[in-house]
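Engineer: input_29.pdb is the file, holding PDB, C-alpha atoms:
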ATOM      1  CA  MET A   1      98.780 124.910  81.238
ATOM      2  CA  ASN A   2     100.048 128.465  80.922
ATOM      3  CA  PHE A   3     103.278 129.663  82.520
ATOM      4  CA  ARG A   4     104.162 133.099  83.864
ATOM      5  CA  TYR A   5     107.384 134.745  84.987
ATOM      6  CA  LEU A   6     107.695 135.070  88.750
ATOM      7  CA  GLY A   7     108.502 138.681  89.515
ATOM      8  CA  ASN A   8     111.333 140.389  87.688
ATOM      9  CA  SER A   9     113.201 137.119  87.252
ATOM     10  CA  GLY A  10     113.759 134.527  84.558
ATOM     11  CA  LEU A  11     111.859 131.849  86.499
ATOM     12  CA  LYS A  12     108.640 130.614  84.926
ATOM     13  CA  ILE A  13     105.995 128.842  86.989
ATOM     14  CA  SER A  14     102.651 127.239  86.195
ATOM     15  CA  GLU A  15      99.852 129.767  86.650
ATOM     16  CA  ILE A  16      97.944 127.083  88.525
ATOM     17  CA  THR A  17     100.264 126.032  91.350
ATOM     18  CA  TYR A  18      99.533 123.021  93.527
ATOM     19  CA  GLY A  19      99.496 123.667  97.281
ATOM     20  CA  ASN A  20      99.445 120.882  99.879
ATOM     21  CA  TRP A  21      98.273 122.922 102.843
ATOM     22  CA  LEU A  22      95.607 121.492 105.144
ATOM     23  CA  THR A  23      95.043 118.176 103.474
ATOM     24  CA  HIS A  24      98.378 116.431 103.060
ATOM     25  CA  GLY A  25      99.707 114.667 106.105
ATOM     26  CA  SER A  26      96.625 115.385 108.184
ATOM     27  CA  GLN A  27      93.216 115.163 106.478
ATOM     28  CA  VAL A  28      93.664 112.690 103.638
ATOM     29  CA  GLU A  29      95.569 109.439 103.402
ATOM     30  CA  ASN A  30      99.035 109.619 101.884
ATOM     31  CA  ASP A  31      98.081 107.500  98.884
ATOM     32  CA  VAL A  32      95.244 109.903  98.037
ATOM     33  CA  ALA A  33      97.589 112.862  98.445
ATOM     34  CA  THR A  34     100.030 111.191  96.075
ATOM     35  CA  LYS A  35      97.247 110.667  93.519
ATOM     36  CA  CYS A  36      96.380 114.376  93.799
ATOM     37  CA  VAL A  37      99.998 115.325  93.093
ATOM     38  CA  GLN A  38     100.071 112.938  90.136
ATOM     39  CA  ALA A  39      96.855 114.497  88.835
ATOM     40  CA  ALA A  40      98.532 117.896  89.067
ATOM     41  CA  LEU A  41     101.528 116.657  87.091
ATOM     42  CA  ASP A  42      99.236 115.052  84.497
ATOM     43  CA  ALA A  43      97.424 118.390  84.126
ATOM     44  CA  GLY A  44     100.675 120.197  83.357
ATOM     45  CA  ILE A  45     101.250 121.755  86.762
ATOM     46  CA  SER A  46     104.985 121.999  87.410
ATOM     47  CA  THR A  47     104.971 124.228  90.507
ATOM     48  CA  PHE A  48     104.326 122.884  94.011
ATOM     49  CA  ASP A  49     104.021 124.971  97.176
ATOM     50  CA  THR A  50     104.200 123.749 100.748
ATOM     51  CA  ALA A  51     105.521 124.848 104.177
ATOM     52  CA  ASP A  52     107.292 123.253 107.097
ATOM     53  CA  VAL A  53     104.382 124.050 109.433
ATOM     54  CA  TYR A  54     101.749 122.229 107.385
ATOM     55  CA  ALA A  55     100.754 119.165 109.408
ATOM     56  CA  ASN A  56     103.858 119.970 111.518
ATOM     57  CA  THR A  57     106.322 119.006 108.731
ATOM     58  CA  LYS A  58     104.351 115.951 107.490
ATOM     59  CA  ALA A  59     103.041 117.768 104.410
ATOM     60  CA  GLU A  60     106.583 118.313 103.155
ATOM     61  CA  THR A  61     107.320 114.619 103.624
ATOM     62  CA  VAL A  62     104.200 113.634 101.683
ATOM     63  CA  LEU A  63     105.087 116.011  98.844
ATOM     64  CA  GLY A  64     108.678 114.797  98.733
ATOM     65  CA  ASP A  65     107.520 111.188  98.462
ATOM     66  CA  ALA A  66     104.930 112.059  95.809
ATOM     67  CA  LEU A  67     107.465 113.852  93.595
ATOM     68  CA  LYS A  68     110.162 111.224  93.998
ATOM     69  CA  GLY A  69     111.278 109.974  90.605
ATOM     70  CA  GLU A  70     110.211 113.120  88.741
ATOM     71  CA  ARG A  71     112.876 115.097  86.874
ATOM     72  CA  ARG A  72     113.862 117.757  89.427
ATOM     73  CA  GLU A  73     114.821 120.334  86.793
ATOM     74  CA  SER A  74     111.275 120.218  85.395
ATOM     75  CA  LEU A  75     109.729 121.168  88.735
ATOM     76  CA  GLU A  76     109.523 124.328  90.824
ATOM     77  CA  ILE A  77     109.295 123.466  94.520
ATOM     78  CA  PHE A  78     108.443 126.173  97.059
ATOM     79  CA  THR A  79     108.375 126.040 100.841
ATOM     80  CA  LYS A  80     108.204 128.463 103.760
ATOM     81  CA  VAL A  81     109.547 129.191 107.248
ATOM     82  CA  TYR A  82     108.241 131.072 110.300
ATOM     83  CA  TRP A  83     105.570 129.211 112.227
ATOM     84  CA  PRO A  84     106.429 126.803 115.081
ATOM     85  CA  THR A  85     107.572 123.329 114.076
ATOM     86  CA  GLY A  86     108.695 120.251 115.983
ATOM     87  CA  PRO A  87     107.996 120.482 119.718
ATOM     88  CA  GLY A  88     107.574 124.258 119.415
ATOM     89  CA  GLY A  89     110.505 125.255 121.595
ATOM     90  CA  LYS A  90     111.702 128.821 122.092
ATOM     91  CA  ASN A  91     113.807 128.791 118.899
ATOM     92  CA  ASP A  92     111.534 126.520 116.837
ATOM     93  CA  THR A  93     109.746 129.525 115.391
ATOM     94  CA  GLY A  94     110.232 132.934 113.795
ATOM     95  CA  LEU A  95     112.806 134.267 111.358
ATOM     96  CA  SER A  96     115.937 134.219 113.461
ATOM     97  CA  ARG A  97     119.126 133.056 111.779
ATOM     98  CA  LYS A  98     119.069 129.916 113.936
ATOM     99  CA  HIS A  99     115.526 128.924 112.996
ATOM    100  CA  ILE A 100     115.936 129.724 109.295
ATOM    101  CA  MET A 101     119.197 127.778 108.949
ATOM    102  CA  GLU A 102     117.834 124.756 110.789
ATOM    103  CA  SER A 103     114.502 124.908 108.967
ATOM    104  CA  ILE A 104     115.902 124.921 105.430
ATOM    105  CA  ASN A 105     117.938 121.812 106.194
ATOM    106  CA  GLY A 106     114.874 120.032 107.578
ATOM    107  CA  SER A 107     112.724 121.055 104.618
ATOM    108  CA  LEU A 108     115.276 119.852 102.068
ATOM    109  CA  GLN A 109     115.564 116.505 103.807
ATOM    110  CA  ARG A 110     111.782 116.019 103.906
ATOM    111  CA  LEU A 111     111.323 117.185 100.313
ATOM    112  CA  GLN A 112     114.189 114.918  99.171
ATOM    113  CA  THR A 113     115.864 117.658  97.165
ATOM    114  CA  ASP A 114     119.144 119.569  97.286
ATOM    115  CA  TYR A 115     117.440 122.929  96.843
ATOM    116  CA  VAL A 116     114.082 124.689  96.700
ATOM    117  CA  ASP A 117     113.298 127.106  93.904
ATOM    118  CA  LEU A 118     111.649 129.576  96.272
ATOM    119  CA  TYR A 119     112.067 129.946 100.056
ATOM    120  CA  GLN A 120     109.451 132.175 101.653
ATOM    121  CA  ALA A 121     109.121 134.033 104.946
ATOM    122  CA  HIS A 122     105.720 132.723 106.006
ATOM    123  CA  ARG A 123     104.961 135.839 108.051
ATOM    124  CA  TYR A 124     106.861 138.941 109.180
ATOM    125  CA  ASP A 125     108.820 138.429 112.422
ATOM    126  CA  THR A 126     108.319 141.485 114.622
ATOM    127  CA  GLU A 127     110.935 140.261 117.119
ATOM    128  CA  THR A 128     113.908 139.579 114.832
ATOM    129  CA  PRO A 129     115.833 142.375 113.085
ATOM    130  CA  LEU A 130     114.980 142.297 109.398
ATOM    131  CA  GLU A 131     118.712 142.546 108.603
ATOM    132  CA  GLU A 132     119.303 139.262 110.431
ATOM    133  CA  THR A 133     116.511 137.545 108.519
ATOM    134  CA  MET A 134     117.577 138.774 105.103
ATOM    135  CA  THR A 135     121.242 137.989 105.726
ATOM    136  CA  ALA A 136     120.282 134.414 106.639
ATOM    137  CA  PHE A 137     118.231 134.144 103.445
ATOM    138  CA  ALA A 138     121.168 135.509 101.455
ATOM    139  CA  ASP A 139     123.481 132.873 102.919
ATOM    140  CA  ILE A 140     121.004 130.137 102.012
ATOM    141  CA  VAL A 141     120.895 131.395  98.428
ATOM    142  CA  ARG A 142     124.708 131.520  98.248
ATOM    143  CA  GLN A 143     124.879 127.974  99.614
ATOM    144  CA  GLY A 144     122.637 126.881  96.749
ATOM    145  CA  LYS A 145     119.855 125.679  99.052
ATOM    146  CA  ALA A 146     117.335 128.160  97.609
ATOM    147  CA  LEU A 147     117.339 129.957  94.271
ATOM    148  CA  TYR A 148     114.974 132.817  95.073
ATOM    149  CA  ILE A 149     113.355 134.421  98.114
ATOM    150  CA  GLY A 150     109.726 135.328  98.749
ATOM    151  CA  VAL A 151     107.443 136.522 101.531
ATOM    152  CA  SER A 152     103.890 135.741 102.621
ATOM    153  CA  GLU A 153     101.331 138.119 104.113
ATOM    154  CA  TRP A 154     103.739 141.039 104.490
ATOM    155  CA  THR A 155     102.481 144.613 104.298
ATOM    156  CA  ALA A 156     103.557 146.918 101.463
ATOM    157  CA  GLU A 157     105.985 148.708 103.792
ATOM    158  CA  GLN A 158     107.518 145.448 105.010
ATOM    159  CA  ILE A 159     107.908 144.230 101.419
ATOM    160  CA  ARG A 160     109.633 147.472 100.445
ATOM    161  CA  GLU A 161     112.086 147.198 103.360
ATOM    162  CA  GLY A 162     112.812 143.536 102.622
ATOM    163  CA  HIS A 163     113.313 144.223  98.928
ATOM    164  CA  LYS A 164     115.772 147.033  99.672
ATOM    165  CA  LEU A 165     117.876 144.744 101.881
ATOM    166  CA  ALA A 166     117.696 141.948  99.304
ATOM    167  CA  GLN A 167     119.105 144.286  96.677
ATOM    168  CA  GLU A 168     121.918 145.340  99.011
ATOM    169  CA  LEU A 169     122.689 141.651  99.654
ATOM    170  CA  ASN A 170     122.521 140.902  95.916
ATOM    171  CA  ILE A 171     119.738 138.327  96.144
ATOM    172  CA  GLN A 172     116.325 138.284  94.446
ATOM    173  CA  LEU A 173     113.146 138.765  96.448
ATOM    174  CA  ILE A 174     110.600 138.065  93.723
ATOM    175  CA  SER A 175     107.311 136.989  95.274
ATOM    176  CA  SER A 176     104.563 137.721  97.761
ATOM    177  CA  GLN A 177     102.051 135.077  98.834
ATOM    178  CA  PRO A 178      98.866 136.714 100.142
ATOM    179  CA  GLN A 179      95.263 135.654 100.450
ATOM    180  CA  TYR A 180      93.350 136.956  97.430
ATOM    181  CA  SER A 181      89.925 136.235  96.005
ATOM    182  CA  MET A 182      86.800 137.948  94.719
ATOM    183  CA  LEU A 183      85.773 138.333  98.366
ATOM    184  CA  TRP A 184      89.162 139.276  99.867
ATOM    185  CA  ARG A 185      90.889 142.028  97.878
ATOM    186  CA  VAL A 186      92.939 143.717 100.588
ATOM    187  CA  ILE A 187      96.175 143.575  98.534
ATOM    188  CA  GLU A 188      94.832 145.704  95.701
ATOM    189  CA  GLY A 189      95.223 149.068  97.426
ATOM    190  CA  GLU A 190      98.856 148.959  98.593
ATOM    191  CA  VAL A 191     100.601 145.587  98.211
ATOM    192  CA  VAL A 192      99.961 145.146  94.470
ATOM    193  CA  PRO A 193     101.062 148.686  93.453
ATOM    194  CA  THR A 194     104.217 148.354  95.580
ATOM    195  CA  CYS A 195     105.026 144.946  94.115
ATOM    196  CA  GLU A 196     104.431 146.143  90.562
ATOM    197  CA  GLU A 197     106.923 148.929  91.206
ATOM    198  CA  LEU A 198     109.521 146.575  92.693
ATOM    199  CA  GLY A 199     109.187 143.683  90.236
ATOM    200  CA  ILE A 200     107.509 141.263  92.647
ATOM    201  CA  SER A 201     104.669 138.878  91.708
ATOM    202  CA  GLN A 202     101.788 137.540  93.773
ATOM    203  CA  ILE A 203     101.290 133.809  94.321
ATOM    204  CA  VAL A 204      97.801 133.930  95.794
ATOM    205  CA  TRP A 205      96.289 131.486  98.235
ATOM    206  CA  SER A 206      92.621 130.735  98.788
ATOM    207  CA  PRO A 207      91.379 132.018  95.406
ATOM    208  CA  ILE A 208      88.125 130.117  96.042
ATOM    209  CA  ALA A 209      87.786 131.666  99.548
ATOM    210  CA  GLN A 210      88.185 128.319 101.318
ATOM    211  CA  GLY A 211      85.452 126.851  99.128
ATOM    212  CA  VAL A 212      82.826 129.562  99.619
ATOM    213  CA  LEU A 213      83.090 130.668  95.979
ATOM    214  CA  THR A 214      82.165 127.175  94.763
ATOM    215  CA  GLY A 215      78.601 128.001  95.765
ATOM    216  CA  LYS A 216      78.228 124.815  97.800
ATOM    217  CA  TYR A 217      77.355 126.748 100.963
ATOM    218  CA  GLN A 218      73.723 127.847 100.775
ATOM    219  CA  PRO A 219      72.261 130.757 102.776
ATOM    220  CA  GLY A 220      70.114 129.554 105.649
ATOM    221  CA  GLN A 221      71.404 125.981 105.326
ATOM    222  CA  PRO A 222      73.908 124.077 107.513
ATOM    223  CA  ALA A 223      77.335 123.418 106.025
ATOM    224  CA  PRO A 224      77.424 120.166 104.027
ATOM    225  CA  GLU A 225      78.795 117.199 105.920
ATOM    226  CA  GLY A 226      82.491 116.717 105.223
ATOM    227  CA  SER A 227      82.997 120.286 103.978
ATOM    228  CA  ARG A 228      85.684 122.600 105.328
ATOM    229  CA  ALA A 229      83.156 124.737 107.207
ATOM    230  CA  ALA A 230      82.011 121.628 109.075
ATOM    231  CA  ASP A 231      85.535 120.428 109.902
ATOM    232  CA  GLU A 232      87.155 122.048 112.935
ATOM    233  CA  LYS A 233      90.517 120.507 111.952
ATOM    234  CA  GLY A 234      90.224 121.526 108.331
ATOM    235  CA  GLY A 235      89.944 125.279 108.382
ATOM    236  CA  ALA A 236      86.479 125.969 109.815
ATOM    237  CA  ASP A 237      87.913 128.850 111.814
ATOM    238  CA  MET A 238      89.311 130.549 108.697
ATOM    239  CA  ILE A 239      86.181 130.159 106.621
ATOM    240  CA  LYS A 240      83.772 131.515 109.228
ATOM    241  CA  ARG A 241      84.365 135.146 108.181
ATOM    242  CA  PHE A 242      82.491 134.350 104.959
ATOM    243  CA  MET A 243      79.828 132.102 106.469
ATOM    244  CA  ASN A 244      76.970 134.552 106.806
ATOM    245  CA  ASP A 245      73.795 134.729 104.771
ATOM    246  CA  ASP A 246      74.590 138.103 103.199
ATOM    247  CA  VAL A 247      77.854 136.804 101.723
ATOM    248  CA  LEU A 248      76.408 133.438 100.723
ATOM    249  CA  THR A 249      73.397 135.065  99.035
ATOM    250  CA  ARG A 250      75.656 137.340  96.983
ATOM    251  CA  VAL A 251      77.892 134.427  96.013
ATOM    252  CA  GLN A 252      74.899 132.585  94.533
ATOM    253  CA  LYS A 253      74.507 135.521  92.110
ATOM    254  CA  LEU A 254      77.809 134.476  90.522
ATOM    255  CA  LYS A 255      76.342 131.240  89.150
ATOM    256  CA  PRO A 256      74.738 132.722  86.010
ATOM    257  CA  ILE A 257      77.998 134.569  85.279
ATOM    258  CA  ALA A 258      79.923 131.295  85.540
ATOM    259  CA  ASP A 259      77.333 129.507  83.395
ATOM    260  CA  GLU A 260      77.604 132.168  80.696
ATOM    261  CA  ALA A 261      81.392 131.793  80.693
ATOM    262  CA  GLY A 262      81.113 127.993  80.471
ATOM    263  CA  LEU A 263      82.851 127.592  83.826
ATOM    264  CA  THR A 264      82.058 126.146  87.206
ATOM    265  CA  MET A 265      81.911 128.686  90.012
ATOM    266  CA  ALA A 266      85.271 127.414  91.310
ATOM    267  CA  GLN A 267      86.858 127.811  87.863
ATOM    268  CA  LEU A 268      85.409 131.333  87.620
ATOM    269  CA  ALA A 269      86.978 132.213  90.983
ATOM    270  CA  VAL A 270      90.415 130.934  89.966
ATOM    271  CA  ALA A 271      90.200 132.579  86.550
ATOM    272  CA  TRP A 272      89.215 135.872  88.232
ATOM    273  CA  VAL A 273      92.426 136.135  90.314
ATOM    274  CA  LEU A 274      94.495 135.304  87.233
ATOM    275  CA  GLN A 275      93.102 138.364  85.446
ATOM    276  CA  ASN A 276      95.261 140.500  87.764
ATOM    277  CA  LYS A 277      98.522 141.009  85.858
ATOM    278  CA  ASN A 278     100.531 141.099  89.098
ATOM    279  CA  VAL A 279      99.375 137.564  89.938
ATOM    280  CA  ALA A 280     101.813 134.931  88.684
ATOM    281  CA  ALA A 281      99.916 131.939  90.050
ATOM    282  CA  ALA A 282      96.829 130.831  91.912
ATOM    283  CA  LEU A 283      97.379 128.188  94.556
ATOM    284  CA  VAL A 284      94.908 125.325  94.491
ATOM    285  CA  GLY A 285      94.773 122.338  96.798
ATOM    286  CA  ALA A 286      92.753 119.153  96.624
ATOM    287  CA  SER A 287      91.515 116.272  98.688
ATOM    288  CA  ARG A 288      90.540 114.323  95.558
ATOM    289  CA  PRO A 289      92.352 114.037  92.186
ATOM    290  CA  GLU A 290      89.204 115.101  90.315
ATOM    291  CA  GLN A 291      89.344 118.507  91.998
ATOM    292  CA  VAL A 292      92.758 119.158  90.437
ATOM    293  CA  ALA A 293      91.510 118.251  86.959
ATOM    294  CA  GLU A 294      88.585 120.647  87.362
ATOM    295  CA  ASN A 295      90.562 123.580  88.755
ATOM    296  CA  VAL A 296      93.190 123.553  85.998
ATOM    297  CA  LYS A 297      90.481 124.348  83.453
ATOM    298  CA  ALA A 298      90.736 127.940  84.716
ATOM    299  CA  ALA A 299      94.215 128.225  83.190
ATOM    300  CA  GLY A 300      94.341 130.485  80.171
ATOM    301  CA  VAL A 301      90.752 131.733  80.621
ATOM    302  CA  LYS A 302      90.253 135.369  79.629
ATOM    303  CA  LEU A 303      87.218 136.972  81.280
ATOM    304  CA  GLU A 304      85.546 139.778  79.384
ATOM    305  CA  ASP A 305      85.313 143.267  80.888
ATOM    306  CA  ALA A 306      81.531 142.867  81.084
ATOM    307  CA  GLN A 307      81.951 139.654  83.092
ATOM    308  CA  MET A 308      84.397 141.304  85.500
ATOM    309  CA  LYS A 309      81.916 144.161  85.973
ATOM    310  CA  ALA A 310      79.049 141.731  86.537
ATOM    311  CA  ILE A 311      81.071 139.993  89.256
ATOM    312  CA  ASP A 312      81.649 143.302  91.035
ATOM    313  CA  GLU A 313      77.961 144.159  90.809
ATOM    314  CA  ALA A 314      76.902 140.737  92.098
ATOM    315  CA  LEU A 315      79.159 140.919  95.173
ATOM    316  CA  GLY A 316      78.650 144.618  95.902
ATOM    317  CA  ASP A 317      79.775 145.888  99.278
ATOM    318  CA  ILE A 318      80.483 142.506 100.886
ATOM    319  CA  VAL A 319      83.991 142.536  99.380
ATOM    320  CA  GLU A 320      86.784 143.199 101.931
ATOM    321  CA  ARG A 321      89.170 145.814 100.550
ATOM    322  CA  ASP A 322      90.791 147.341 103.652
ATOM    323  CA  PRO A 323      94.621 147.182 103.195
ATOM    324  CA  GLY A 324      94.983 147.330 106.973
ATOM    325  CA  LYS A 325      93.647 143.775 107.214
ATOM    326  CA  THR A 326      97.063 142.388 106.212
ATOM    327  CA  LYS A 327      98.659 143.788 109.354
ATOM    328  CA  GLU A 328      95.567 143.219 111.477
ATOM    329  CA  THR A 329      95.465 139.488 110.724
ATOM    330  CA  ALA A 330      99.245 139.005 111.142
ATOM    331  CA  PRO A 331     100.842 137.812 114.402
ATOM    332  CA  GLN A 332     101.793 140.870 116.441
ATOM    333  CA  THR A 333     104.398 138.943 118.413
ATOM    334  CA  ARG A 334     106.309 135.810 117.553
ATOM    335  CA  VAL A 335     104.275 132.688 118.113
ATOM    336  CA  ALA A 336     106.231 130.431 120.466
TER     337      ALA A 336
END
Any chance you could give the structure as structure tokens?
Structural biologist:
Amino acid sequence: MNFRYLGNSGLKISEITYGNWLTHGSQVENDVATKCVQAALDAGISTFDTADVYANTKAETVLGDALKGERRESLEIFTKVYWPTGPGGKNDTGLSRKHIMESINGSLQRLQTDYVDLYQAHRYDTETPLEETMTAFADIVRQGKALYIGVSEWTAEQIREGHKLAQELNIQLISSQPQYSMLWRVIEGEVVPTCEELGISQIVWSPIAQGVLTGKYQPGQPAPEGSRAADEKGGADMIKRFMNDDVLTRVQKLKPIADEAGLTMAQLAVAWVLQNKNVAAALVGASRPEQVAENVKAAGVKLEDAQMKAIDEALGDIVERDPGKTKETAPQTRVA
């Protein structure tokens, strides 16, 4: 496993970071989830990312149980706040001081830890003053409940405003967690240059494009039984943007590139995002321990310039690059 600094900080994290998003607490049994976490630890992964909203807080509980007994100082545990949790009442959502303060306490209890290494704003709250949000984060850092602050799916302008306030409050905003893959490159135009300027790293989610970049979805064929595209509870809605024959046909052209590199298509996809110097880590999840063992083989892989060019040529104009998609896909009002 390779390790990279997170933003302009002294914190190192594993460049393959384990995320327990859709699977833990909802799709797979807890014992399988625990085996996946153990497989991650065995593979040298030290960084684990979750959120209070995943499986409506159950994912945090599963992760906390799975990591119980591990040396806390050897781990980096990340979680997030914004989306509705609990019964979804009027203050059970957003980035108000009330919701943030109550949420960090709940997350720490479920994760069975005194602090998280990184606490992230899971989206931008259009209905709470940013000063209120950042002041609450600053108080959490000063209380020792979080060491660093991050954001997820914020625009370049929002990141710049948050970073400015963080500096004024003397806390470190060091990370951005966006979607990023060969197919979804919307951060490259604005978010990445802004973050490079400010000393902020990317922790990218969905580097395999919800499984599309594994090549298992064939053009003109129904989605395999048990796959994410066939599971309405498991992310079928998110994956549908890629589920057209044009995209799937282009993706199949990546197979000879992966073969030449001695990688699976999934490993090629993870290795590709790690070529971006602003990316500190690629988030990978798993529903089986074997998937973890396979994905970590992308760590430390250096793709040649010719291979990167071949990937661009294979995918052509199906790649989404519009920076406006970050704002377009974000909640315009607080979800309550």
Engineer: Once the PyMOL selection byres ((chain A and resi 259-268) around 9) has been applied to the shown file, what residues remain in the selection, as a PyMOL selection string?
Structural biologist: chain A and resi 207-208+211-215+254-258+269-273+294-299+301+303+307
Engineer: So how many Å separate atom CA of Asn2 of chain A and atom CA of Glu153 of chain A, to one decimal?
Structural biologist: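 Straight-line distance from atom CA of Asn2 of chain A to atom CA of Glu153 of chain A works out to 25.2 Å.
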Engineer: Quick check, in Å to one decimal: how far apart do atom CA of Ala59 of chain A and atom CA of Asp139 of chain A lie?
Structural biologist: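 Atom CA of Asp139 of chain A lies 25.5 Å from atom CA of Ala59 of chain A.
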Engineer: For atom CA of Thr17 of chain A and atom CA of Ala43 of chain A, determine how far apart the two atoms are, in Å to one decimal place.
Structural biologist: 10.9 Å
Engineer: With a distance cut-off of 10 Å and only C-alpha atoms, select the neighbouring residues of Thr126 of chain A, excluding the residue or stretch itself and same-chain residues fewer than 6 positions from it, and output the selection as a list of chain:residue names.
Structural biologist: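 My reading of the contact set: A:Gly94, A:Leu95, A:Pro331, A:Gln332, A:Thr333, A:Arg334.
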Engineer: Report the residues retrieved by the PyMOL selection byres ((chain A and resi 195) around 9) from the displayed file, expressed as a ChimeraX atom specification.
Structural biologist: /A:7,156,159-160,174-176,190-194,196-202,278
Engineer: Applying 12 Å and only C-alpha atoms, which residues near Gly69 of chain A remain after dropping the ones on its own chain fewer than 6 positions away? List them as a PyMOL selection string.
Structural biologist: chain A and resi 38+63+75+112-113
Engineer: Expanded to explicit residues, what is the PyMOL selection byres ((chain A and resi 11) around 10) for this file, as a VMD selection string?
Structural biologist: chain A and resid 3 to 10 12 to 13 76 117 147 to 148 174
Engineer: Can I get the selection written as a JSON list (two decimals), in the coordinates of the input, with C-alpha atoms?
Structural biologist:
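Done, and the output landed in again.json:
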[["chain", "number", "residue", "atom", "x", "y", "z"],
["A", 3, "PHE", "CA", 103.28, 129.66, 82.52],
["A", 4, "ARG", "CA", 104.16, 133.10, 83.86],
["A", 5, "TYR", "CA", 107.38, 134.74, 84.99],
["A", 6, "LEU", "CA", 107.70, 135.07, 88.75],
["A", 7, "GLY", "CA", 108.50, 138.68, 89.52],
["A", 8, "ASN", "CA", 111.33, 140.39, 87.69],
["A", 9, "SER", "CA", 113.20, 137.12, 87.25],
["A", 10, "GLY", "CA", 113.76, 134.53, 84.56],
["A", 12, "LYS", "CA", 108.64, 130.61, 84.93],
["A", 13, "ILE", "CA", 106.00, 128.84, 86.99],
["A", 76, "GLU", "CA", 109.52, 124.33, 90.82],
["A", 117, "ASP", "CA", 113.30, 127.11, 93.90],
["A", 147, "LEU", "CA", 117.34, 129.96, 94.27],
["A", 148, "TYR", "CA", 114.97, 132.82, 95.07],
["A", 174, "ILE", "CA", 110.60, 138.06, 93.72]]
Engineer: From the list A:Gly89, A:Pro178, A:Pro84, A:Gly189, which residue is nearest Asp322 of chain A when using only C-alpha atoms?
Structural biologist: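 For Asp322 of chain A, the nearest of the given residues is A:Gly189.
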Engineer: Which residues are near segment 171-173 of chain A? Cut-off 8 Å, only C-alpha atoms, ignore same chain within fewer than 6 positions. Put them as an NGL selection string.
Structural biologist: :A and (9 or 138 or 141 or 148-151 or 162-163 or 200)
Engineer: Which residue, A:Arg241, A:Glu70, A:Trp21, A:Met101, has the smallest gap to Lys58 of chain A when you use all atoms listed in the file?
Structural biologist: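 That would be A:Trp21, the residue with the smallest distance to Lys58 of chain A.
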Engineer: Taking into account all atoms listed in the file, which residue in the set A:Asp114, A:Val32, A:Val279, A:Thr133 is nearest to Lys98 of chain A?
Structural biologist: A:Thr133
